[in-house]
Amino acid sequence: MGKKYIILCVLFLATGCFTQGTAIEPQAQTDPYLWDFGQAREGEILKHDFMVYNDSEATLKIKNVTTSCGCTISEVQKKILSSGESTVLSVQFNTRGYFGPTQKLINVQTDSLKKPVLTYKIKAEIIIPKDDPYLWDFGQVKKGEILKHDFVLRNDSAQTLNIKEITTSCGCTVSEAQKKTLLPGESTVLSVHFDTKDYSGAVHQFIYVNSDRLDNPIIRFIIKAEVVK
């Protein structure tokens with residue numbers, strides 16, 4: 001496989017988070033408990049505000065707010081609502097590491113006997129553009145192949161870069177850097193191996209390089225393939 005050269009200082013900018021404004025605008029929606037972002041690029045941070053209404057005659061207390069994964073965070077502006085009062089439920093979803101149709105739940109736990117849990121839902125179709133410079137596409141491969149590719153990391157910053165840890169999205173993918181410490185201007189090879197034996201169809205795997213950079217400590221790479229028998 002050919003090598004793909006990456007300028008590290010540019011990469012830090014490309015893996016940053018974006019706001020909902022760059023996602024394709026969702027169509028008009030009428031369900032107050034559901035928000036569909038439509039299409040969004042992998043790596044964006046999507047934001048939406050729901051409204052929580054107290055339509056009962058008694059005071060409503062919000063005891064807790066939980067989400068279905070750590071990639072989604074949510075909080076309410078007020079935790080005690082008088083009868084007829086409402087508050088904003090702010091939701092943020094970090095799409096890093098996701099691909100395809102994705103759904104997350106937000107549960108608002110209250111002291112109401114009739115509705116102790118209010119469940120809100122966000123949806124999105126996460127896409128990875130074909131021209132993503134940190135993506136390697138193996139194309140069509142046979143099931144059972146072990147795919148290999150070398151990315152190249154170059155430290156074009158003025159400071160020494162230390163690689164602390166490399167993780168992948170599944171045990172089928174392993175990755176290793178030849179060097180863990182890069183002086184300014186220095187580069188290293190990031191080798192990736194992907195075992196396709198348990199896969200079929202379109203597959204995306206993510207590799208995360210955890211570094212000591214304070215502005216963007218996680219550098220992500222993606223490999224993809226169409227696995228056929």
# chains A, B, ... in the order shown; residues from 1 in each chain; ligands from 1
$ residues_around --residues "region 80-90 of chain A" --least-positions-apart "4" --cutoff "8 Å" --atoms "only C-alpha atoms" --output "MDAnalysis selection string"
chainID A and resid 47:62 74:76
$ atom_distance --atom1 "CA of Asn64 (chain A)" --atom2 "CA of Tyr98 (chain A)"
26.5 Å
$ closest_residue --among "A:Leu153, A:Leu105, A:Ile163, A:Ile222" --to "Asp131 (chain A)" --atoms "only C-alpha atoms"
A:Ile222
$ residues_around --residues "Val117 (chain A)" --least-positions-apart "6" --cutoff "7 Å" --atoms "only C-alpha atoms" --output "JSON, numbers by chain"
{"A": [107, 108, 109, 110]}
$ write_last_selection --atoms "N, CA and C atoms" --output "tab-separated table (two decimals), in the first residue's frame"
chain	number	residue	atom	x	y	z
A	107	ASN	N	-32.88	11.11	28.95
A	107	ASN	CA	-33.95	10.82	29.91
A	107	ASN	C	-33.96	11.87	31.03
A	108	VAL	N	-35.10	12.52	31.18
A	108	VAL	CA	-35.28	13.53	32.24
A	108	VAL	C	-36.13	12.89	33.33
A	109	GLN	N	-35.52	12.68	34.48
A	109	GLN	CA	-36.21	12.03	35.59
A	109	GLN	C	-36.84	13.10	36.49
A	110	THR	N	-38.14	12.95	36.76
A	110	THR	CA	-38.88	13.94	37.54
A	110	THR	C	-39.57	13.27	38.73
$ select_by_dssp --residues "region 16-196 of chain A" --states "strand (DSSP E or B)" --output "ChimeraX atom specification"
/A:34-41,45-53,60-67,72-76,80-81,86-94,100-110,117-127,135-142,146-154,161-168,173-177,181-182,187-195
$ atom_distance --atom1 "CA of Lys123 (chain A)" --atom2 "CA of His204 (chain A)"
19.5 Å
$ closest_residue --among "A:Phe221, A:Trp35, A:Tyr208, A:Phe99" --to "Asp150 (chain A)" --atoms "only C-alpha atoms"
A:Phe221
$ residues_around --residues "Pro129 (chain A)" --least-positions-apart "5" --cutoff "10 Å" --atoms "only C-alpha atoms" --output "list in words"
Arg41, Glu42 and Leu135 of chain A
$ write_last_selection --atoms "C-alpha atoms" --output "PDB file, in the first residue's frame"
ATOM      1  CA  ARG A  41     -20.090  15.178   9.046  1.00  0.00           C
ATOM      2  CA  GLU A  42     -18.291  12.811  11.397  1.00  0.00           C
ATOM      3  CA  LEU A 135      -9.227   8.450   5.388  1.00  0.00           C
TER       4      LEU A 135
END
$ atom_distance --atom1 "CA of Pro217 (chain A)" --atom2 "CA of Leu190 (chain A)"
16.4 Å
$ closest_residue --among "A:Phe138, A:Phe151, A:Tyr120, A:Phe93" --to "Ser175 (chain A)" --atoms "only C-alpha atoms"
A:Phe151
